[in-house]
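Have a look at run.pdb; it's PDB, C-alpha atoms:
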```
ATOM      1  CA  MET A 133     -16.223-218.592  29.588
ATOM      2  CA  PRO A 134     -19.681-219.997  30.462
ATOM      3  CA  ASP A 135     -23.042-218.358  29.760
ATOM      4  CA  PHE A 136     -22.936-216.764  33.218
ATOM      5  CA  ARG A 137     -20.616-213.752  33.293
ATOM      6  CA  PHE A 138     -22.113-211.888  36.245
ATOM      7  CA  CYS A 139     -23.384-212.876  39.676
ATOM      8  CA  PRO A 140     -27.176-213.327  39.542
ATOM      9  CA  LEU A 141     -27.475-211.760  43.037
ATOM     10  CA  CYS A 142     -25.209-208.697  42.965
ATOM     11  CA  ALA A 143     -24.258-208.341  39.254
ATOM     12  CA  THR A 144     -20.502-208.381  40.006
ATOM     13  CA  ALA A 145     -18.391-209.861  37.200
ATOM     14  CA  LEU A 146     -17.518-213.498  37.847
ATOM     15  CA  GLN A 147     -13.848-214.378  38.354
ATOM     16  CA  PRO A 148     -12.117-217.771  38.374
ATOM     17  CA  ILE A 149     -11.695-219.265  41.843
ATOM     18  CA  PRO A 150      -7.946-219.232  42.667
ATOM     19  CA  ALA A 151      -5.843-222.412  42.474
ATOM     20  CA  GLY A 152      -5.583-224.378  45.686
ATOM     21  CA  ARG A 153      -9.179-223.696  46.728
ATOM     22  CA  PRO A 154     -12.185-226.004  46.278
ATOM     23  CA  ASP A 155     -13.694-225.555  42.807
ATOM     24  CA  ALA A 156     -10.492-223.868  41.545
ATOM     25  CA  GLY A 157     -10.975-222.388  38.086
ATOM     26  CA  ARG A 158     -14.774-222.231  38.236
ATOM     27  CA  PRO A 159     -16.303-218.801  37.618
ATOM     28  CA  ALA A 160     -17.564-217.333  40.882
ATOM     29  CA  CYS A 161     -18.740-214.130  42.475
ATOM     30  CA  PRO A 162     -15.761-212.573  44.309
ATOM     31  CA  ARG A 163     -18.201-211.658  47.116
ATOM     32  CA  GLY A 164     -19.082-215.344  47.614
ATOM     33  CA  HIS A 165     -22.703-215.240  46.405
ATOM     34  CA  PHE A 166     -22.486-217.654  43.484
ATOM     35  CA  VAL A 167     -20.354-220.369  41.846
ATOM     36  CA  HIS A 168     -21.209-221.393  38.299
ATOM     37  CA  TYR A 169     -21.399-225.143  37.610
ATOM     38  CA  ASP A 170     -21.825-225.936  33.918
ATOM     39  CA  ASN A 171     -23.778-229.149  34.504
ATOM     40  CA  PRO A 172     -25.270-231.229  31.706
ATOM     41  CA  ALA A 173     -28.935-230.713  30.915
ATOM     42  CA  VAL A 174     -31.436-233.508  31.529
ATOM     43  CA  THR A 175     -33.412-234.647  28.504
ATOM     44  CA  VAL A 176     -35.951-237.386  27.818
ATOM     45  CA  PHE A 177     -36.782-239.518  24.807
ATOM     46  CA  ALA A 178     -39.391-242.198  24.159
ATOM     47  CA  PHE A 179     -39.700-245.320  22.126
ATOM     48  CA  ALA A 180     -43.457-244.878  21.674
ATOM     49  CA  ARG A 181     -45.110-248.121  20.533
ATOM     50  CA  ASP A 182     -48.529-248.477  18.901
ATOM     51  CA  ALA A 183     -50.920-251.455  19.236
ATOM     52  CA  ARG A 184     -49.322-253.109  16.179
ATOM     53  CA  GLY A 185     -45.867-253.101  17.821
ATOM     54  CA  ARG A 186     -44.450-250.290  15.661
ATOM     55  CA  TYR A 187     -42.325-247.479  17.065
ATOM     56  CA  LEU A 188     -42.577-243.782  16.226
ATOM     57  CA  VAL A 189     -39.579-242.006  14.682
ATOM     58  CA  LEU A 190     -39.548-238.333  13.731
ATOM     59  CA  GLU A 191     -37.478-236.401  11.203
ATOM     60  CA  ARG A 192     -35.848-233.286  12.629
ATOM     61  CA  ALA A 193     -36.759-229.958  11.017
ATOM     62  CA  ARG A 194     -34.052-228.039  12.942
ATOM     63  CA  GLU A 195     -30.415-228.213  13.941
ATOM     64  CA  PRO A 196     -28.731-229.962  15.506
ATOM     65  CA  PHE A 197     -28.986-232.953  13.206
ATOM     66  CA  PHE A 198     -31.351-231.349  10.695
ATOM     67  CA  ALA A 199     -33.200-233.934   8.517
ATOM     68  CA  GLN A 200     -32.027-236.877  10.632
ATOM     69  CA  TRP A 201     -34.370-239.254  12.436
ATOM     70  CA  ASP A 202     -34.844-239.102  16.173
ATOM     71  CA  LEU A 203     -37.413-239.938  18.812
ATOM     72  CA  PRO A 204     -40.031-237.808  20.531
ATOM     73  CA  GLY A 205     -38.444-236.004  23.448
ATOM     74  CA  GLY A 206     -36.694-232.914  24.682
ATOM     75  CA  PHE A 207     -35.412-231.020  27.706
ATOM     76  CA  VAL A 208     -36.858-231.496  31.190
ATOM     77  CA  GLU A 209     -38.213-228.188  32.461
ATOM     78  CA  ALA A 210     -37.815-226.780  35.985
ATOM     79  CA  GLY A 211     -40.274-228.339  38.431
ATOM     80  CA  GLU A 212     -41.012-231.258  36.115
ATOM     81  CA  THR A 213     -40.155-234.941  36.554
ATOM     82  CA  PRO A 214     -38.649-236.796  33.591
ATOM     83  CA  GLU A 215     -41.876-238.827  33.264
ATOM     84  CA  GLN A 216     -43.956-235.635  33.134
ATOM     85  CA  ALA A 217     -41.512-234.232  30.573
ATOM     86  CA  ILE A 218     -41.810-237.189  28.204
ATOM     87  CA  ARG A 219     -45.605-237.040  28.294
ATOM     88  CA  ARG A 220     -45.495-233.265  27.645
ATOM     89  CA  GLU A 221     -42.940-233.576  24.836
ATOM     90  CA  LEU A 222     -44.990-236.254  23.064
ATOM     91  CA  ARG A 223     -48.124-234.087  23.283
ATOM     92  CA  GLU A 224     -46.246-230.999  22.021
ATOM     93  CA  GLU A 225     -44.390-232.712  19.168
ATOM     94  CA  THR A 226     -47.079-235.161  18.009
ATOM     95  CA  GLY A 227     -50.408-234.491  19.743
ATOM     96  CA  LEU A 228     -50.309-238.079  21.055
ATOM     97  CA  GLU A 229     -50.789-239.423  24.574
ATOM     98  CA  VAL A 230     -48.713-242.289  25.962
ATOM     99  CA  GLU A 231     -48.521-244.506  28.995
ATOM    100  CA  VAL A 232     -44.981-244.905  30.332
ATOM    101  CA  GLU A 233     -44.151-248.609  30.663
ATOM    102  CA  ARG A 234     -40.520-248.574  31.751
ATOM    103  CA  ILE A 235     -37.299-246.615  31.954
ATOM    104  CA  LEU A 236     -34.632-247.969  29.623
ATOM    105  CA  GLY A 237     -31.852-246.069  31.366
ATOM    106  CA  ALA A 238     -29.940-242.806  31.574
ATOM    107  CA  PHE A 239     -27.359-242.184  28.866
ATOM    108  CA  ALA A 240     -24.628-239.592  28.302
ATOM    109  CA  SER A 241     -25.059-237.697  25.057
ATOM    110  CA  ARG A 242     -24.468-234.356  23.372
ATOM    111  CA  TYR A 243     -26.951-231.875  22.002
ATOM    112  CA  GLY A 244     -25.040-230.584  18.994
ATOM    113  CA  ASP A 245     -21.297-230.191  19.325
ATOM    114  CA  ASP A 246     -20.847-228.673  22.759
ATOM    115  CA  ARG A 247     -23.758-229.246  25.130
ATOM    116  CA  TRP A 248     -23.584-232.402  27.234
ATOM    117  CA  THR A 249     -26.856-234.007  28.248
ATOM    118  CA  VAL A 250     -28.058-236.865  30.412
ATOM    119  CA  ASP A 251     -30.814-238.539  28.397
ATOM    120  CA  VAL A 252     -33.478-240.552  30.237
ATOM    121  CA  GLY A 253     -34.963-243.101  27.852
ATOM    122  CA  TYR A 254     -38.436-244.603  28.155
ATOM    123  CA  GLU A 255     -40.490-247.271  26.467
ATOM    124  CA  CYS A 256     -44.077-246.070  26.185
ATOM    125  CA  ARG A 257     -47.367-247.418  24.877
ATOM    126  CA  LEU A 258     -49.531-245.208  22.694
ATOM    127  CA  VAL A 259     -52.944-244.409  24.133
ATOM    128  CA  GLY A 260     -55.315-243.815  21.226
ATOM    129  CA  ASP A 261     -55.072-243.904  17.456
ATOM    130  CA  PRO A 262     -51.680-243.392  15.746
ATOM    131  CA  ALA A 263     -53.564-241.660  12.909
ATOM    132  CA  ALA A 264     -54.213-238.758  15.333
ATOM    133  CA  LEU A 265     -50.540-237.798  14.977
ATOM    134  CA  ARG A 266     -49.896-234.136  14.142
ATOM    135  CA  LEU A 267     -46.377-232.762  13.904
ATOM    136  CA  ASP A 268     -45.204-229.471  15.381
ATOM    137  CA  ALA A 269     -42.665-227.194  13.679
ATOM    138  CA  GLU A 270     -39.686-229.067  15.197
ATOM    139  CA  LYS A 271     -40.399-232.122  13.041
ATOM    140  CA  SER A 272     -40.822-232.528   9.277
ATOM    141  CA  ASP A 273     -41.895-236.183   8.949
ATOM    142  CA  ALA A 274     -42.909-239.207  10.988
ATOM    143  CA  ALA A 275     -43.008-242.962  10.540
ATOM    144  CA  TRP A 276     -44.281-245.946  12.531
ATOM    145  CA  LEU A 277     -41.772-248.775  12.047
ATOM    146  CA  PRO A 278     -41.037-252.191  13.505
ATOM    147  CA  LEU A 279     -38.095-252.298  15.897
ATOM    148  CA  ASP A 280     -35.870-254.080  13.376
ATOM    149  CA  ARG A 281     -36.452-251.358  10.746
ATOM    150  CA  LEU A 282     -35.712-248.239  12.787
ATOM    151  CA  PRO A 283     -33.247-245.882  11.045
ATOM    152  CA  ARG A 284     -30.006-244.660  12.606
ATOM    153  CA  LEU A 285     -31.064-242.251  15.346
ATOM    154  CA  ALA A 286     -29.524-238.783  15.610
ATOM    155  CA  PHE A 287     -28.440-238.755  19.267
ATOM    156  CA  ASP A 288     -25.987-241.031  21.112
ATOM    157  CA  GLY A 289     -28.401-241.480  24.014
ATOM    158  CA  GLU A 290     -31.183-242.636  21.688
ATOM    159  CA  ARG A 291     -28.867-245.165  20.037
ATOM    160  CA  ALA A 292     -27.830-246.488  23.473
ATOM    161  CA  GLY A 293     -31.505-246.743  24.463
ATOM    162  CA  LEU A 294     -32.237-248.663  21.275
ATOM    163  CA  ALA A 295     -29.509-251.165  22.178
ATOM    164  CA  VAL A 296     -31.169-251.684  25.582
ATOM    165  CA  LEU A 297     -34.589-252.065  23.951
ATOM    166  CA  ARG A 298     -33.143-254.690  21.593
ATOM    167  CA  GLY A 299     -31.435-256.461  24.506
ATOM    168  CA  ALA A 300     -27.908-255.726  23.266
ATOM    169  CA  PRO A 301     -25.029-254.665  25.517
ATOM    170  CA  VAL A 302     -24.514-250.909  25.707
ATOM    171  CA  GLU A 303     -21.042-249.578  24.897
ATOM    172  CA  GLY A 304     -19.359-248.173  27.997
ATOM    173  CA  ALA A 305     -21.835-249.791  30.382
TER
END
```
As structure tokens, the full file:
Amino acid sequence: MPDFRFCPLCATALQPIPAGRPDAGRPACPRGHFVHYDNPAVTVFAFARDARGRYLVLERAREPFFAQWDLPGGFVEAGETPEQAIRRELREETGLEVEVERILGAFASRYGDDRWTVDVGYECRLVGDPAALRLDAEKSDAAWLPLDRLPRLAFDGERAGLAVLRGAPVEGA
């Protein structure tokens, strides 16, 4: 059963829509107020490049993928565009400002074992000094590395974005 168990309008317990009707099996309010769609969340990540052509990677301090390397990024919040989200996430996680240069693509991924995401990948240019980097509690380490020395990234979407950045074909594309 999904996170929603009750109608957000009338608090009636959700019930599966009967077979033979549109959206059969989805949890819905029996009074017709609400149908729950368990859609994937939208996330963003950035290949943030400094003036020396190095890219920022961060070590995760939390699950999923504790102690693995990933990129600055996170979930897009309500009322926010993906571009606004990547700028916000970089500021929150690192204290750095970036200029978005291009979108690498949108990639299917998973956050942990059960939450599907659509990851929007960006290539960004650092605005300012990379030495100004300060990590928040979500990250335990950081490194600026050339593209050919980036470690294996934690998330499928990030790895697909790296293939695009390197000019390689993306699996499933």
Need the neighbours of (-37.6, -255.1, 12.6): which residues are at most 12 Å away, counting all atoms listed in the file, as a ChimeraX atom specification?
-> /A:185-187,276-283,298
Closest of A:Leu258, A:Val176, A:Ala199, A:Ala160 to Ala217 in chain A, counting all atoms listed in the file, is A:Val176
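Coordinates place CA of Ala274 in chain A at a distance of 7.0 Å from CA of Leu188 in chain A.
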Quick one: which range 162-184 of chain A residues come within 10 Å of range 222-239 of chain A, and what is the nearest atom pair for each with the distance in Å to one decimal, counting only C-alpha atoms, rows ordered by chain and ascending number, as a Markdown table?
```
| residue | atom | partner | partner_atom | distance |
| --- | --- | --- | --- | --- |
| A:Val174 | CA | A:Ala238 | CA | 9.4 |
| A:Thr175 | CA | A:Ala238 | CA | 9.4 |
| A:Val176 | CA | A:Ala238 | CA | 8.9 |
| A:Phe177 | CA | A:Leu222 | CA | 9.0 |
| A:Ala178 | CA | A:Leu222 | CA | 8.2 |
| A:Phe179 | CA | A:Leu236 | CA | 9.4 |
| A:Ala180 | CA | A:Val230 | CA | 7.3 |
| A:Arg181 | CA | A:Val230 | CA | 8.7 |
| A:Asp182 | CA | A:Val230 | CA | 9.4 |
```
For Ala173 in chain A, the closest of A:Asp246, A:Thr144, A:Pro204, A:Ile149 counting only C-alpha atoms is A:Asp246
* To do: Convert the output of the PyMOL selection byres ((chain A and resi 168) around 8) on the shown file into explicit residues, formatted as JSON, numbers by chain.
  => {"A": [136, 158, 159, 160, 166, 167, 169, 170]}
Save the residues we just selected, C-alpha atoms, as an mmCIF file, keeping the file's coordinate frame?
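Heads up, here's the output in part_8.cif:
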```cif
data_model
loop_
_atom_site.group_PDB
_atom_site.id
_atom_site.type_symbol
_atom_site.label_atom_id
_atom_site.label_comp_id
_atom_site.auth_asym_id
_atom_site.auth_seq_id
_atom_site.Cartn_x
_atom_site.Cartn_y
_atom_site.Cartn_z
ATOM 1 C CA PHE A 136 -22.936 -216.764 33.218
ATOM 2 C CA ARG A 158 -14.774 -222.231 38.236
ATOM 3 C CA PRO A 159 -16.303 -218.801 37.618
ATOM 4 C CA ALA A 160 -17.564 -217.333 40.882
ATOM 5 C CA PHE A 166 -22.486 -217.654 43.484
ATOM 6 C CA VAL A 167 -20.354 -220.369 41.846
ATOM 7 C CA TYR A 169 -21.399 -225.143 37.610
ATOM 8 C CA ASP A 170 -21.825 -225.936 33.918
#
```
Q.
I'd like to see the residues matched by the PyMOL selection byres ((chain A and resi 209) around 12) on this file, and ideally I'd get them as a list of chain:residue names.
A. A:Ala173, A:Val174, A:Thr175, A:Val176, A:Gly205, A:Gly206, A:Phe207, A:Val208, A:Ala210, A:Gly211, A:Glu212, A:Thr213, A:Pro214, A:Glu215, A:Gln216, A:Ala217, A:Ile218, A:Arg220, A:Glu221
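Considering the residues A:Leu190, A:Ala156, A:Pro148, A:Ala183 and counting only C-alpha atoms, Arg284 in chain A has its shortest atom-to-atom contact with A:Leu190.
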Please rebuild range 178-199 of chain A with N, CA, C and O atoms and return the result as a PDB file, in the frame of the given file.
```
ATOM      1  N   ALA A 178     -38.490-241.057  24.022  1.00  0.00           N
ATOM      2  CA  ALA A 178     -39.391-242.198  24.159  1.00  0.00           C
ATOM      3  C   ALA A 178     -39.396-243.061  22.908  1.00  0.00           C
ATOM      4  O   ALA A 178     -39.467-242.546  21.788  1.00  0.00           O
ATOM      5  N   PHE A 179     -39.341-244.343  23.150  1.00  0.00           N
ATOM      6  CA  PHE A 179     -39.700-245.320  22.126  1.00  0.00           C
ATOM      7  C   PHE A 179     -41.191-245.548  22.322  1.00  0.00           C
ATOM      8  O   PHE A 179     -41.607-246.312  23.193  1.00  0.00           O
ATOM      9  N   ALA A 180     -42.004-244.823  21.553  1.00  0.00           N
ATOM     10  CA  ALA A 180     -43.457-244.878  21.674  1.00  0.00           C
ATOM     11  C   ALA A 180     -43.977-245.950  20.718  1.00  0.00           C
ATOM     12  O   ALA A 180     -43.762-245.870  19.511  1.00  0.00           O
ATOM     13  N   ARG A 181     -44.665-246.949  21.290  1.00  0.00           N
ATOM     14  CA  ARG A 181     -45.110-248.121  20.533  1.00  0.00           C
ATOM     15  C   ARG A 181     -46.626-248.100  20.362  1.00  0.00           C
ATOM     16  O   ARG A 181     -47.370-247.827  21.309  1.00  0.00           O
ATOM     17  N   ASP A 182     -47.087-248.397  19.145  1.00  0.00           N
ATOM     18  CA  ASP A 182     -48.529-248.477  18.901  1.00  0.00           C
ATOM     19  C   ASP A 182     -49.020-249.910  19.143  1.00  0.00           C
ATOM     20  O   ASP A 182     -48.225-250.803  19.469  1.00  0.00           O
ATOM     21  N   ALA A 183     -50.319-250.143  18.969  1.00  0.00           N
ATOM     22  CA  ALA A 183     -50.920-251.455  19.236  1.00  0.00           C
ATOM     23  C   ALA A 183     -50.418-252.535  18.279  1.00  0.00           C
ATOM     24  O   ALA A 183     -50.511-253.719  18.585  1.00  0.00           O
ATOM     25  N   ARG A 184     -49.856-252.143  17.146  1.00  0.00           N
ATOM     26  CA  ARG A 184     -49.322-253.109  16.179  1.00  0.00           C
ATOM     27  C   ARG A 184     -47.847-253.411  16.429  1.00  0.00           C
ATOM     28  O   ARG A 184     -47.235-254.144  15.667  1.00  0.00           O
ATOM     29  N   GLY A 185     -47.257-252.837  17.481  1.00  0.00           N
ATOM     30  CA  GLY A 185     -45.867-253.101  17.821  1.00  0.00           C
ATOM     31  C   GLY A 185     -44.868-252.259  17.045  1.00  0.00           C
ATOM     32  O   GLY A 185     -43.675-252.551  17.051  1.00  0.00           O
ATOM     33  N   ARG A 186     -45.341-251.190  16.404  1.00  0.00           N
ATOM     34  CA  ARG A 186     -44.450-250.290  15.661  1.00  0.00           C
ATOM     35  C   ARG A 186     -44.050-249.128  16.556  1.00  0.00           C
ATOM     36  O   ARG A 186     -44.805-248.724  17.436  1.00  0.00           O
ATOM     37  N   TYR A 187     -42.862-248.590  16.282  1.00  0.00           N
ATOM     38  CA  TYR A 187     -42.325-247.479  17.065  1.00  0.00           C
ATOM     39  C   TYR A 187     -42.279-246.209  16.226  1.00  0.00           C
ATOM     40  O   TYR A 187     -42.002-246.244  15.031  1.00  0.00           O
ATOM     41  N   LEU A 188     -42.530-245.081  16.880  1.00  0.00           N
ATOM     42  CA  LEU A 188     -42.577-243.782  16.226  1.00  0.00           C
ATOM     43  C   LEU A 188     -41.182-243.171  16.120  1.00  0.00           C
ATOM     44  O   LEU A 188     -40.470-243.054  17.118  1.00  0.00           O
ATOM     45  N   VAL A 189     -40.793-242.794  14.909  1.00  0.00           N
ATOM     46  CA  VAL A 189     -39.579-242.006  14.682  1.00  0.00           C
ATOM     47  C   VAL A 189     -39.984-240.720  13.980  1.00  0.00           C
ATOM     48  O   VAL A 189     -40.955-240.680  13.230  1.00  0.00           O
ATOM     49  N   LEU A 190     -39.232-239.661  14.250  1.00  0.00           N
ATOM     50  CA  LEU A 190     -39.548-238.333  13.731  1.00  0.00           C
ATOM     51  C   LEU A 190     -38.334-237.767  13.010  1.00  0.00           C
ATOM     52  O   LEU A 190     -37.205-237.945  13.455  1.00  0.00           O
ATOM     53  N   GLU A 191     -38.569-237.060  11.920  1.00  0.00           N
ATOM     54  CA  GLU A 191     -37.478-236.401  11.203  1.00  0.00           C
ATOM     55  C   GLU A 191     -37.343-234.976  11.725  1.00  0.00           C
ATOM     56  O   GLU A 191     -38.326-234.232  11.800  1.00  0.00           O
ATOM     57  N   ARG A 192     -36.115-234.600  12.053  1.00  0.00           N
ATOM     58  CA  ARG A 192     -35.848-233.286  12.629  1.00  0.00           C
ATOM     59  C   ARG A 192     -35.939-232.194  11.568  1.00  0.00           C
ATOM     60  O   ARG A 192     -35.371-232.314  10.495  1.00  0.00           O
ATOM     61  N   ALA A 193     -36.620-231.107  11.915  1.00  0.00           N
ATOM     62  CA  ALA A 193     -36.759-229.958  11.017  1.00  0.00           C
ATOM     63  C   ALA A 193     -35.814-228.828  11.407  1.00  0.00           C
ATOM     64  O   ALA A 193     -35.845-227.763  10.799  1.00  0.00           O
ATOM     65  N   ARG A 194     -34.971-229.063  12.431  1.00  0.00           N
ATOM     66  CA  ARG A 194     -34.052-228.039  12.942  1.00  0.00           C
ATOM     67  C   ARG A 194     -32.710-228.663  13.293  1.00  0.00           C
ATOM     68  O   ARG A 194     -32.603-229.856  13.512  1.00  0.00           O
ATOM     69  N   GLU A 195     -31.709-227.799  13.401  1.00  0.00           N
ATOM     70  CA  GLU A 195     -30.415-228.213  13.941  1.00  0.00           C
ATOM     71  C   GLU A 195     -30.550-228.337  15.457  1.00  0.00           C
ATOM     72  O   GLU A 195     -31.410-227.684  16.040  1.00  0.00           O
ATOM     73  N   PRO A 196     -29.751-229.111  16.119  1.00  0.00           N
ATOM     74  CA  PRO A 196     -28.731-229.962  15.506  1.00  0.00           C
ATOM     75  C   PRO A 196     -29.348-231.188  14.838  1.00  0.00           C
ATOM     76  O   PRO A 196     -30.462-231.576  15.171  1.00  0.00           O
ATOM     77  N   PHE A 197     -28.608-231.731  13.919  1.00  0.00           N
ATOM     78  CA  PHE A 197     -28.986-232.953  13.206  1.00  0.00           C
ATOM     79  C   PHE A 197     -30.219-232.775  12.310  1.00  0.00           C
ATOM     80  O   PHE A 197     -31.076-233.650  12.228  1.00  0.00           O
ATOM     81  N   PHE A 198     -30.271-231.633  11.636  1.00  0.00           N
ATOM     82  CA  PHE A 198     -31.351-231.349  10.695  1.00  0.00           C
ATOM     83  C   PHE A 198     -31.536-232.517   9.726  1.00  0.00           C
ATOM     84  O   PHE A 198     -30.572-233.078   9.221  1.00  0.00           O
ATOM     85  N   ALA A 199     -32.781-232.903   9.472  1.00  0.00           N
ATOM     86  CA  ALA A 199     -33.200-233.934   8.517  1.00  0.00           C
ATOM     87  C   ALA A 199     -32.806-235.353   8.928  1.00  0.00           C
ATOM     88  O   ALA A 199     -32.967-236.284   8.151  1.00  0.00           O
TER      89      ALA A 199
END
```
